[in-house]
$ cat my_file-v8.txt   # compact mmCIF, C-alpha atoms and all ligand atoms
# COMPACT_ATOMS: atom_id res chain seq x y z
CA MET F 10 6.76 -35.18 2.70
CA ASP F 11 7.71 -37.55 5.52
CA ASN F 12 10.62 -37.15 7.91
CA LEU F 13 11.58 -33.78 6.53
CA PRO F 14 10.31 -31.43 9.23
CA THR F 15 12.60 -28.54 8.19
CA LEU F 16 11.54 -28.72 4.57
CA ASN F 17 7.89 -29.12 5.54
CA ALA F 18 8.08 -26.10 7.82
CA LEU F 19 9.54 -24.08 4.93
CA ILE F 20 6.70 -25.23 2.66
CA GLU F 21 4.13 -24.16 5.24
CA HIS F 22 5.76 -20.70 5.49
CA LEU F 23 5.85 -20.30 1.71
CA LYS F 24 2.13 -21.12 1.56
CA ARG F 25 1.43 -17.96 3.56
CA LEU F 26 2.51 -15.88 0.55
CA PRO F 27 -0.17 -14.61 -1.83
CA SER F 28 -1.07 -16.94 -4.72
CA VAL F 29 1.13 -19.76 -3.38
CA GLY F 30 -0.57 -23.13 -2.91
CA GLN F 31 0.82 -26.50 -1.81
CA LYS F 32 2.28 -27.40 -5.22
CA SER F 33 3.96 -24.03 -5.82
CA ALA F 34 5.34 -24.03 -2.27
CA GLU F 35 6.81 -27.49 -2.80
CA ARG F 36 8.42 -26.41 -6.08
CA MET F 37 9.88 -23.29 -4.44
CA ALA F 38 11.27 -25.32 -1.54
CA GLN F 39 12.84 -27.81 -3.95
CA ALA F 40 14.38 -24.92 -5.91
CA LEU F 41 15.81 -23.41 -2.73
CA LEU F 42 17.50 -26.74 -1.99
CA THR F 43 19.47 -26.38 -5.22
CA PHE F 44 20.82 -22.90 -4.32
CA ASP F 45 24.51 -22.77 -3.40
CA ASP F 46 25.35 -22.08 0.26
CA LYS F 47 26.17 -18.40 -0.21
CA THR F 48 22.99 -17.58 -2.14
CA LEU F 49 20.82 -19.49 0.32
CA LYS F 50 22.43 -17.65 3.27
CA GLU F 51 21.82 -14.28 1.57
CA PHE F 52 18.21 -15.31 0.91
CA GLY F 53 17.75 -16.14 4.59
CA THR F 54 19.45 -12.93 5.70
CA SER F 55 17.19 -10.74 3.59
CA ILE F 56 14.16 -12.37 5.23
CA SER F 57 15.52 -12.18 8.77
CA GLU F 58 16.53 -8.52 8.36
CA LEU F 59 13.16 -7.44 6.94
CA ARG F 60 11.52 -6.57 10.25
CA GLU F 61 14.64 -4.93 11.63
CA LYS F 62 15.46 -2.75 8.62
CA VAL F 63 12.20 -2.08 6.77
CA HIS F 64 9.60 0.00 8.61
CA LEU F 65 6.89 2.53 7.87
CA CYS F 66 7.78 6.06 6.80
CA LYS F 67 6.84 8.24 9.76
CA ASN F 68 5.25 10.79 7.45
CA CYS F 69 3.14 8.77 4.99
CA GLY F 70 3.12 5.13 6.09
CA LEU F 71 4.96 3.68 3.08
CA TYR F 72 7.78 1.18 3.57
CA THR F 73 11.26 2.63 3.91
CA GLU F 74 14.66 1.79 5.39
CA ASN F 75 15.20 5.42 6.42
CA GLU F 76 13.22 7.85 8.54
CA LEU F 77 11.33 9.14 5.51
CA CYS F 78 10.53 7.36 2.23
CA SER F 79 11.74 8.44 -1.21
CA PHE F 80 8.33 9.98 -2.10
CA CYS F 81 8.29 12.18 0.99
CA LEU F 82 11.87 13.30 0.28
CA ASP F 83 11.42 13.83 -3.47
CA PRO F 84 11.80 17.61 -4.10
CA LYS F 85 10.01 17.25 -7.46
CA ARG F 86 6.78 16.26 -5.73
CA ASN F 87 4.57 18.86 -4.08
CA ASN F 88 2.58 18.85 -0.85
CA SER F 89 -0.63 20.25 -2.30
CA VAL F 90 -2.17 16.93 -3.35
CA LEU F 91 -2.24 13.59 -1.54
CA ILE F 92 -3.43 10.28 -2.95
CA VAL F 93 -4.82 8.34 0.01
CA VAL F 94 -4.76 4.53 -0.21
CA SER F 95 -5.33 1.61 2.15
CA TYR F 96 -2.04 -0.27 1.85
CA PRO F 97 1.58 0.46 0.76
CA LYS F 98 1.22 -1.88 -2.26
CA ASP F 99 -1.61 0.32 -3.61
CA VAL F 100 0.87 3.14 -4.28
CA LEU F 101 2.87 1.21 -6.88
CA GLY F 102 0.70 2.01 -9.91
CA PHE F 103 0.18 5.67 -9.02
CA SER F 104 3.87 6.20 -8.34
CA LYS F 105 4.65 5.40 -11.99
CA LEU F 106 2.20 7.96 -13.39
CA GLU F 107 4.18 10.81 -14.93
CA ASP F 108 1.24 13.20 -14.64
CA TYR F 109 0.91 12.89 -10.89
CA HIS F 110 3.31 15.08 -8.92
CA GLY F 111 1.69 14.98 -5.51
CA ARG F 112 2.50 12.72 -2.58
CA PHE F 113 0.84 9.73 -0.87
CA HIS F 114 -0.73 8.75 2.43
CA ILE F 115 -1.33 5.18 3.59
CA LEU F 116 -4.31 4.56 5.87
CA GLY F 117 -3.08 1.12 6.88
CA GLY F 118 -6.36 -0.76 6.39
CA VAL F 119 -10.05 -0.67 5.52
CA ILE F 120 -13.28 -0.56 7.48
CA SER F 121 -15.28 -3.79 7.59
CA PRO F 122 -18.95 -3.13 6.69
CA SER F 123 -20.41 -5.55 9.25
CA SER F 124 -18.86 -4.05 12.36
CA ASN F 125 -17.10 -0.81 11.45
CA LYS F 126 -14.05 -2.82 12.50
CA GLY F 127 -10.81 -1.29 11.38
CA ILE F 128 -11.56 2.33 12.18
CA GLU F 129 -8.97 2.27 14.94
CA LEU F 130 -6.36 1.01 12.45
CA LEU F 131 -6.73 3.88 10.03
CA ALA F 132 -4.04 6.55 10.23
CA ILE F 133 -6.57 9.40 10.08
CA SER F 134 -5.19 11.60 12.84
CA GLU F 135 -1.78 11.44 11.13
CA LEU F 136 -3.49 12.42 7.88
CA GLU F 137 -5.29 15.34 9.55
CA LYS F 138 -2.04 16.62 11.08
CA ARG F 139 -0.28 16.30 7.75
CA ILE F 140 -2.98 18.21 5.88
CA VAL F 141 -2.70 21.13 8.29
CA ARG F 142 1.10 21.10 8.59
CA ASP F 143 1.85 20.71 4.86
CA LYS F 144 -1.00 22.99 3.72
CA VAL F 145 -2.52 20.21 1.59
CA GLU F 146 -5.18 21.50 -0.82
CA GLU F 147 -6.70 18.27 -2.13
CA ILE F 148 -6.86 14.65 -1.07
CA ILE F 149 -7.80 11.98 -3.60
CA LEU F 150 -9.37 8.94 -1.93
CA ALA F 151 -8.02 5.99 -3.89
CA THR F 152 -9.17 3.08 -1.75
CA ASN F 153 -10.31 0.02 -3.72
CA PRO F 154 -13.73 0.11 -5.44
CA THR F 155 -15.04 -2.60 -3.08
CA VAL F 156 -17.61 -2.34 -0.28
CA GLU F 157 -14.81 -1.95 2.28
CA GLY F 158 -12.97 0.58 0.11
CA GLU F 159 -16.09 2.69 -0.49
CA LEU F 160 -17.00 2.63 3.20
CA THR F 161 -13.46 3.64 4.15
CA ALA F 162 -13.46 6.52 1.63
CA LEU F 163 -16.80 7.74 2.97
CA PHE F 164 -15.59 7.53 6.58
CA VAL F 165 -12.37 9.46 5.81
CA SER F 166 -14.24 12.14 3.84
CA LYS F 167 -16.67 12.66 6.75
CA LYS F 168 -13.81 12.84 9.27
CA LEU F 169 -12.03 15.50 7.20
CA ALA F 170 -15.13 17.44 6.18
CA GLY F 171 -14.28 20.32 8.52
CA LEU F 172 -10.92 21.02 6.91
CA PRO F 173 -10.60 23.63 4.13
CA ILE F 174 -9.57 21.13 1.46
CA LYS F 175 -11.01 19.55 -1.65
CA ILE F 176 -11.85 15.85 -1.21
CA THR F 177 -12.20 13.73 -4.34
CA ARG F 178 -12.74 10.06 -5.09
CA LEU F 179 -11.34 8.06 -8.02
CA ALA F 180 -13.95 7.77 -10.75
CA TYR F 181 -14.67 5.51 -13.68
CA GLY F 182 -12.10 3.20 -15.20
CA LEU F 183 -11.80 1.05 -12.12
CA PRO F 184 -14.20 -1.90 -12.21
CA MET F 185 -16.31 -2.43 -9.08
CA GLY F 186 -14.66 -5.07 -6.95
CA GLY F 187 -11.32 -4.31 -8.58
CA GLN F 188 -8.07 -3.47 -6.85
CA VAL F 189 -5.93 -0.40 -7.35
CA ASP F 190 -2.71 -2.38 -6.97
CA TYR F 191 -3.61 -4.49 -10.04
CA ALA F 192 -4.85 -1.68 -12.27
CA ASP F 193 -2.70 -0.65 -15.24
CA ALA F 194 -1.33 2.87 -15.75
CA MET F 195 -3.97 3.96 -18.27
CA THR F 196 -6.84 2.77 -16.05
CA LEU F 197 -5.37 4.60 -13.07
CA PHE F 198 -4.79 7.74 -15.14
CA LYS F 199 -8.43 7.71 -16.32
CA ALA F 200 -9.65 7.09 -12.77
CA LEU F 201 -7.58 10.04 -11.54
CA GLU F 202 -8.61 12.33 -14.37
CA GLY F 203 -12.30 11.63 -13.86
CA ARG F 204 -12.24 11.91 -10.06
CA LYS F 205 -15.39 13.23 -8.43
CA ASP F 206 -15.84 15.76 -5.66
CA LEU F 207 -16.95 14.24 -2.39
CA LYS F 208 -17.10 17.64 -0.75
ZN ZN M 1 6.81 8.78 3.15

$ encode --input "my_file-v8.txt" --output "C-alpha cells"
Amino acid sequence: MDNLPTLNALIEHLKRLPSVGQKSAERMAQALLTFDDKTLKEFGTSISELREKVHLCKNCGLYTENELCSFCLDPKRNNSVLIVVSYPKDVLGFSKLEDYHGRFHILGGVISPSSNKGIELLAISELEKRIVRDKVEEIILATNPTVEGELTALFVSKKLAGLPIKITRLAYGLPMGGQVDYADAMTLFKALEGRKDLK
C-alpha cells in the first residue's frame, strides 16, 4: 500500500509470524485499525513488555515471568523423570498428559546435520547439573522425529552416557518428519508409552 509507511511496517512485522503471508498480514493490520484506542494501546503494551517480563526459567528453560516456571514449582510433579525437548513450544502437548508427572527440560535448539552447528546452543551442561542435583532417574528424549531431532537426541544421549540414569527416546506413534508440538494427546501418550532405551 502506498504512502502508508506505518501500516506497511506493521504488515512486514506481522509477516514474521508463523503461517502469516502477505494477505493474512494485511487483513490483520486492517483489523487492528478498527480496534478502539484503549484496546490497541493494550495490544502494543503486551508486545513491548514481552522481552522485559517474559524470560526463560532458570531451571528448565521454559518461558516464565518469575524466577521459576509453574512446572518447576508444581509440588505434584516429581524430579525423577525429565522429558527433554528442543523448544518451549514442544512442551505444550506433554504438559496436558494426565499420566505424566515428571518435569521438563528445554535444550534450546537442534543440531544441524551438515555442520554439527547448534551444539553450543544446547543447554546440556545445565541438564547434566540438574540430573545430578535433582537425582533424576530417567530422561526421555522427545526431540522431533526429524534428521535434526534424531541427531540431537543421539548427541545428548552420548553426552550423558556416563551418568547413572536411564535414557529413553520417544517411540512409534510420531510420524517421521513430524513435530511434537503438533501431535495430539493420544499420539504423544503412545509415543511415551512405547519409548525405547537408548542406554
Ligand atoms: Zn522451569

$ closest_residue --input "my_file-v8.txt" --among "F:Ile140, F:Leu65, F:Leu201, F:Ala194" --to "ligand ZN 1 (chain M)" --atoms "all atoms listed in the file"
F:Leu65

$ atom_distance --input "my_file-v8.txt" --atom1 "CA of Asp190 in chain F" --atom2 "CA of Pro154 in chain F"
11.4 Å

$ atom_distance --input "my_file-v8.txt" --atom1 "CA of Cys78 in chain F" --atom2 "CA of His64 in chain F"
9.8 Å

$ closest_residue --input "my_file-v8.txt" --among "F:Gly102, F:Gly70, F:Gly30, F:Pro173" --to "Asp193 in chain F" --atoms "all atoms listed in the file"
F:Gly102

$ residues_near_ligand --input "my_file-v8.txt" --ligand "ligand ZN 1 (chain M)" --cutoff "8 Å" --atoms "all atoms listed in the file" --output "PyMOL selection string"
chain F and resi 65-73+77-82+113-114

$ closest_residue --input "my_file-v8.txt" --among "F:Ser28, F:Ser89, F:Thr161, F:Ser104" --to "Leu130 in chain F" --atoms "all atoms listed in the file"
F:Thr161

$ atom_distance --input "my_file-v8.txt" --atom1 "CA of Ala18 in chain F" --atom2 "CA of Glu61 in chain F"
22.5 Å

$ closest_residue --input "my_file-v8.txt" --among "F:Asp108, F:Ala151, F:Val145, F:Lys168" --to "Ile128 in chain F" --atoms "all atoms listed in the file"
F:Lys168

$ residues_around --input "my_file-v8.txt" --residues "Asn88 in chain F" --least-positions-apart "3" --cutoff "7 Å" --atoms "all atoms listed in the file" --output "NGL selection string"
:F and (111-112 or 143 or 145)

$ closest_residue --input "my_file-v8.txt" --among "F:Ala200, F:Val93, F:Val141, F:Leu172" --to "Gly158 in chain F" --atoms "all atoms listed in the file"
F:Val93

$ closest_residue --input "my_file-v8.txt" --among "F:Gly127, F:Val94, F:Val100, F:Lys199" --to "Ala162 in chain F" --atoms "all atoms listed in the file"
F:Val94

$ residues_around --input "my_file-v8.txt" --residues "range 34-44 of chain F" --least-positions-apart "4" --cutoff "9 Å" --atoms "all atoms listed in the file" --output "VMD selection string"
chain F and resid 16 to 17 19 to 24 29 to 30 48 to 49

$ axis_aligned_box --input "my_file-v8.txt" --around "range 11-21 of chain F" --padding-each-side "8 Å" --output "lines of an AutoDock Vina configuration file"
center_x = 8.4
center_y = -30.8
center_z = 5.9
size_x = 24.5
size_y = 29.5
size_z = 22.6

$ residues_near_point --input "my_file-v8.txt" --point "(-6.6, 2.8, 8.0)" --cutoff "9 Å" --atoms "only C-alpha atoms" --output "list in words"
Val94, Ser95, Tyr96, Ile115, Leu116, Gly117, Gly118, Val119, Ile120, Gly127, Ile128, Glu129, Leu130, Leu131, Ala132, Ile133 and Thr161 of chain F
